[in-house]
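Asks: Okay, so here is entry13.cif, and as you'll see once you scroll down, it has mmCIF, C-alpha atoms and all ligand atoms.
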```
data_work
#
loop_
_atom_site.label_atom_id
_atom_site.label_comp_id
_atom_site.auth_asym_id
_atom_site.auth_seq_id
_atom_site.Cartn_x
_atom_site.Cartn_y
_atom_site.Cartn_z
CA MET T 1 -22.36 19.36 4.74
CA LYS T 2 -24.58 19.46 1.66
CA LYS T 3 -26.31 16.28 0.49
CA ILE T 4 -25.55 15.34 -3.06
CA TYR T 5 -27.32 12.71 -5.12
CA ALA T 6 -24.76 10.19 -6.34
CA PRO T 7 -26.47 6.80 -6.63
CA TRP T 8 -23.34 4.88 -7.64
CA ARG T 9 -21.73 5.75 -4.35
CA LYS T 10 -24.39 3.78 -2.48
CA GLU T 11 -22.71 0.45 -3.14
CA TYR T 12 -19.37 1.81 -1.95
CA ILE T 13 -20.79 3.28 1.22
CA THR T 14 -22.75 0.09 1.94
CA ASP T 15 -19.66 -2.06 1.38
CA THR T 16 -17.57 0.13 3.63
CA VAL T 17 -20.08 0.14 6.43
CA HIS T 18 -21.13 -3.51 6.47
CA LYS T 19 -18.08 -5.47 5.43
CA PRO T 20 -15.38 -6.11 8.00
CA LYS T 21 -12.20 -4.30 7.00
CA ASP T 22 -9.90 -6.59 5.06
CA ASN T 23 -6.42 -6.04 6.40
CA ARG T 24 -4.78 -8.91 4.55
CA PRO T 25 -1.95 -7.77 2.29
CA LYS T 26 -3.35 -7.44 -1.22
CA THR T 27 -1.92 -10.07 -3.51
CA GLU T 28 -2.92 -10.96 -7.04
CA ALA T 29 -5.32 -13.53 -5.54
CA ASN T 30 -7.38 -11.02 -3.55
CA CYS T 31 -6.85 -7.93 -5.72
CA VAL T 32 -10.07 -6.40 -7.02
CA PHE T 33 -8.41 -5.14 -10.22
CA CYS T 34 -6.85 -8.54 -11.05
CA GLN T 35 -10.23 -10.17 -10.41
CA GLN T 36 -11.99 -7.73 -12.73
CA LEU T 37 -9.42 -8.39 -15.46
CA LYS T 38 -9.86 -12.14 -15.12
CA ASP T 39 -13.67 -11.97 -15.14
CA ASN T 40 -13.64 -10.67 -18.71
CA VAL T 41 -16.84 -8.62 -18.45
CA ASP T 42 -15.23 -5.27 -19.11
CA GLU T 43 -18.46 -3.30 -19.36
CA LYS T 44 -19.56 -4.42 -15.88
CA TYR T 45 -16.34 -3.11 -14.34
CA PHE T 46 -16.04 -0.02 -16.57
CA ILE T 47 -12.80 -1.28 -18.15
CA ILE T 48 -12.48 0.93 -21.21
CA LYS T 49 -9.63 -0.72 -23.07
CA ARG T 50 -6.85 -3.28 -22.64
CA TYR T 51 -3.44 -2.69 -24.18
CA ASN T 52 -0.26 -4.82 -24.28
CA HIS T 53 0.95 -4.00 -20.77
CA ALA T 54 -1.71 -1.78 -19.24
CA PHE T 55 -5.42 -1.02 -19.25
CA VAL T 56 -7.69 1.98 -18.79
CA ILE T 57 -10.64 1.82 -16.41
CA MET T 58 -13.18 4.37 -15.18
CA ASN T 59 -13.13 5.08 -11.50
CA ARG T 60 -16.46 3.74 -10.23
CA TYR T 61 -16.30 6.05 -7.22
CA PRO T 62 -15.18 9.16 -9.05
CA TYR T 63 -14.22 12.54 -7.71
CA ASN T 64 -15.41 13.92 -10.99
CA GLY T 65 -17.07 12.85 -14.24
CA GLY T 66 -14.64 11.14 -16.60
CA HIS T 67 -12.22 10.19 -13.80
CA LEU T 68 -9.99 7.53 -15.43
CA MET T 69 -7.29 5.25 -14.08
CA ILE T 70 -4.39 3.54 -15.89
CA LEU T 71 -3.05 0.30 -14.41
CA PRO T 72 -0.44 -2.27 -15.38
CA ILE T 73 -2.04 -5.59 -16.35
CA GLU T 74 0.45 -7.42 -14.11
CA HIS T 75 -0.18 -7.09 -10.38
CA LYS T 76 2.50 -4.55 -9.48
CA GLY T 77 2.37 -1.91 -6.79
CA GLU T 78 5.22 0.44 -7.54
CA LEU T 79 6.60 2.16 -10.62
CA ASP T 80 10.04 0.69 -9.96
CA ALA T 81 8.53 -2.82 -10.05
CA CYS T 82 7.28 -2.18 -13.59
CA THR T 83 9.32 -2.83 -16.71
CA VAL T 84 10.44 -0.03 -19.02
CA ASP T 85 7.81 -1.17 -21.53
CA GLU T 86 5.05 -1.03 -18.91
CA ARG T 87 6.06 2.45 -17.77
CA ALA T 88 6.38 3.69 -21.36
CA GLU T 89 2.95 2.39 -22.29
CA MET T 90 1.35 3.90 -19.17
CA MET T 91 2.96 7.26 -19.92
CA GLU T 92 1.65 7.12 -23.46
CA LEU T 93 -1.79 6.18 -22.09
CA ILE T 94 -1.82 9.29 -19.87
CA ASN T 95 -1.52 11.24 -23.09
CA THR T 96 -4.23 9.17 -24.79
CA CYS T 97 -6.60 9.69 -21.84
CA ILE T 98 -6.02 13.44 -21.83
CA THR T 99 -6.45 13.72 -25.61
CA ILE T 100 -9.72 11.77 -25.56
CA LEU T 101 -11.12 13.48 -22.47
CA LYS T 102 -10.36 16.89 -24.02
CA GLN T 103 -12.20 15.87 -27.15
CA GLU T 104 -15.19 14.20 -25.47
CA LEU T 105 -15.79 16.09 -22.22
CA LYS T 106 -14.07 19.44 -22.90
CA PRO T 107 -12.50 19.94 -19.46
CA GLN T 108 -10.37 23.01 -18.81
CA GLY T 109 -7.61 21.16 -17.00
CA PHE T 110 -6.40 17.88 -15.50
CA ASN T 111 -4.94 16.43 -12.34
CA VAL T 112 -2.71 13.44 -13.04
CA GLY T 113 -1.28 11.51 -10.13
CA ILE T 114 -0.19 8.32 -8.46
CA ASN T 115 -0.72 7.43 -4.82
CA THR T 116 1.57 4.56 -3.88
CA GLY T 117 1.52 2.63 -0.66
CA ARG T 118 -1.05 2.90 2.10
CA ALA T 119 0.71 5.91 3.62
CA GLY T 120 0.56 7.64 0.23
CA GLY T 121 -3.23 7.39 0.29
CA GLY T 122 -3.59 4.66 -2.32
CA GLY T 123 -7.02 3.06 -1.87
CA ILE T 124 -5.87 -0.32 -3.12
CA PRO T 125 -2.17 -0.03 -2.34
CA SER T 126 -0.78 -3.08 -4.05
CA HIS T 127 -2.01 -2.56 -7.63
CA LEU T 128 -0.53 0.62 -9.06
CA HIS T 129 -2.99 3.05 -10.62
CA ILE T 130 -2.43 6.42 -12.27
CA HIS T 131 -5.35 8.82 -11.86
CA VAL T 132 -6.31 11.06 -14.77
CA LEU T 133 -8.85 13.50 -13.44
CA PRO T 134 -10.46 16.08 -15.73
CA ARG T 135 -11.23 19.44 -14.11
CA TRP T 136 -13.58 22.22 -15.07
CA ASP T 137 -13.42 25.90 -14.19
CA SER T 138 -16.76 25.45 -12.48
CA ASP T 139 -15.30 22.76 -10.17
CA THR T 140 -15.63 23.93 -6.63
CA ASN T 141 -11.91 23.27 -6.14
CA PHE T 142 -9.60 21.25 -3.98
CA MET T 143 -11.32 21.04 -0.61
CA PRO T 144 -14.54 19.37 -1.81
CA LEU T 145 -12.34 17.01 -3.81
CA LEU T 146 -10.75 15.83 -0.58
CA CYS T 147 -14.09 15.63 1.21
CA GLU T 148 -15.64 13.63 -1.67
CA THR T 149 -18.82 15.68 -1.60
CA LYS T 150 -18.66 17.12 -5.09
CA PRO T 151 -21.72 16.91 -7.28
CA ILE T 152 -21.10 14.74 -10.29
CA SER T 153 -23.11 15.90 -13.24
CA ILE T 154 -22.11 13.21 -15.70
CA GLU T 155 -23.79 9.84 -15.51
CA LEU T 156 -21.28 7.01 -15.19
CA LYS T 157 -22.59 4.48 -17.71
CA THR T 158 -23.29 7.07 -20.39
CA THR T 159 -19.78 8.45 -20.02
CA TYR T 160 -18.32 4.94 -20.11
CA LEU T 161 -19.97 4.12 -23.44
CA GLN T 162 -19.01 7.49 -24.91
CA LEU T 163 -15.36 7.16 -23.86
CA LYS T 164 -15.11 3.49 -24.88
CA LYS T 165 -16.24 4.39 -28.37
CA ALA T 166 -13.64 7.18 -28.53
CA PHE T 167 -10.83 4.91 -27.27
CA ASP T 168 -11.72 2.19 -29.80
CA LYS T 169 -11.62 4.76 -32.58
CA TYR T 170 -8.38 6.36 -31.34
CA SER T 171 -6.11 3.32 -31.51
ZN ZN T 201 -3.85 -6.70 -8.90
#
```
Show this structure as structure tokens.

Replies:
Amino acid sequence: MKKIYAPWRKEYITDTVHKPKDNRPKTEANCVFCQQLKDNVDEKYFIIKRYNHAFVIMNRYPYNGGHLMILPIEHKGELDACTVDERAEMMELINTCITILKQELKPQGFNVGINTGRAGGGGIPSHLHIHVLPRWDSDTNFMPLLCETKPISIELKTTYLQLKKAFDKYS
């Protein structure tokens, strides 16, 4: 397997290796997303914008540059646990994310998806998140995406500031 320089993955790999696996069911009290919302230092956690019922955050361990996630503000794990207003706002935010990513990063396509439940491959199963993943023709395609060995050519912080500015302007 090829080695790829991705400094922001270091923290993730270190955490995974050295911390004992936390098998407790994720509740609001031990949910990383709820904690980040409460902390109120959005730039530190790459939270791009908060809306009435949902928020947009950059994936800190992205498959690709500009990999965004949309989450309900309330700690809810499934779409059917969300209210109509929450679902409607998240759907609208998928569109906002795509519009802004098109404008700012000029991708040639998108993958949009939800993994729910541990068996569905959700990394943090109990707080629903919708992935909006920009794709470029030059992407090396699906297999490297699964293996998480893709080179990421866009620096995370720079992209965060660029997208935040665009989101603030957009709405
Ligand atoms: Zn949560």

Asks: Give as a VMD selection string the residues surrounding ligand ZN 201 (chain T) up to a distance of 12 Å, considering only C-alpha atoms and all ligand atoms.

Replies: chain T and resid 25 to 38 54 to 55 71 to 78 124 to 129

Asks: Determine, counting only C-alpha atoms, which protein, DNA and RNA residues have an atom within 10 Å of an atom of Leu101 of chain T; residues of the same chain fewer than 3 positions away are not included. Present the result as a short mmCIF file (atom, residue, chain, number, x, y, z; two decimals) with C-alpha atoms, in the coordinates of the input.

Replies:
```
data_model
loop_
_atom_site.label_atom_id
_atom_site.label_comp_id
_atom_site.auth_asym_id
_atom_site.auth_seq_id
_atom_site.Cartn_x
_atom_site.Cartn_y
_atom_site.Cartn_z
CA GLY T 66 -14.64 11.14 -16.60
CA HIS T 67 -12.22 10.19 -13.80
CA LEU T 68 -9.99 7.53 -15.43
CA ASN T 95 -1.52 11.24 -23.09
CA THR T 96 -4.23 9.17 -24.79
CA CYS T 97 -6.60 9.69 -21.84
CA ILE T 98 -6.02 13.44 -21.83
CA GLU T 104 -15.19 14.20 -25.47
CA LEU T 105 -15.79 16.09 -22.22
CA LYS T 106 -14.07 19.44 -22.90
CA PRO T 107 -12.50 19.94 -19.46
CA PHE T 110 -6.40 17.88 -15.50
CA VAL T 132 -6.31 11.06 -14.77
CA LEU T 133 -8.85 13.50 -13.44
CA PRO T 134 -10.46 16.08 -15.73
CA LEU T 163 -15.36 7.16 -23.86
CA ALA T 166 -13.64 7.18 -28.53
CA PHE T 167 -10.83 4.91 -27.27
#
```

Asks: Take atom CA of Asn64 of chain T and atom CA of Val41 of chain T and report the distance between them in Å, one decimal.

Replies: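 Computing it gives 23.8 Å between the two atoms.
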
Asks: Using all atoms listed in the file, which residue out of T:Gln108, T:Asn115, T:His53, T:His131 lies closest to Arg87 of chain T?

Replies: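 Result for the nearest residue to Arg87 of chain T: T:His53.
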
Asks: Atom CA of Glu86 of chain T and atom CA of Ile70 of chain T, how far apart in Å?

Replies: 10.9 Å

Asks: What's the separation between atom CA of Gly109 of chain T and atom CA of Arg135 of chain T, in Å to one decimal place?

Replies: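 One can read the atom CA of Gly109 of chain T to atom CA of Arg135 of chain T distance as 4.9 Å.
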
Asks: Applying 8 Å and all atoms listed in the file, which residues near segment 155-160 of chain T remain after dropping the ones on its own chain fewer than 6 positions away? List them as a PyMOL selection string.

Replies: chain T and resi 46+48+58+60+65-66

Asks: Draw an axis-aligned box over all listed atoms of segment 51-59 of chain T, pad each side with 6 Å, and write its centre and edge lengths in Å, one decimal, as JSON.

Replies:
```
{"center_x": -6.1, "center_y": 0.1, "center_z": -17.9, "size_x": 26.1, "size_y": 21.9, "size_z": 24.8}
```
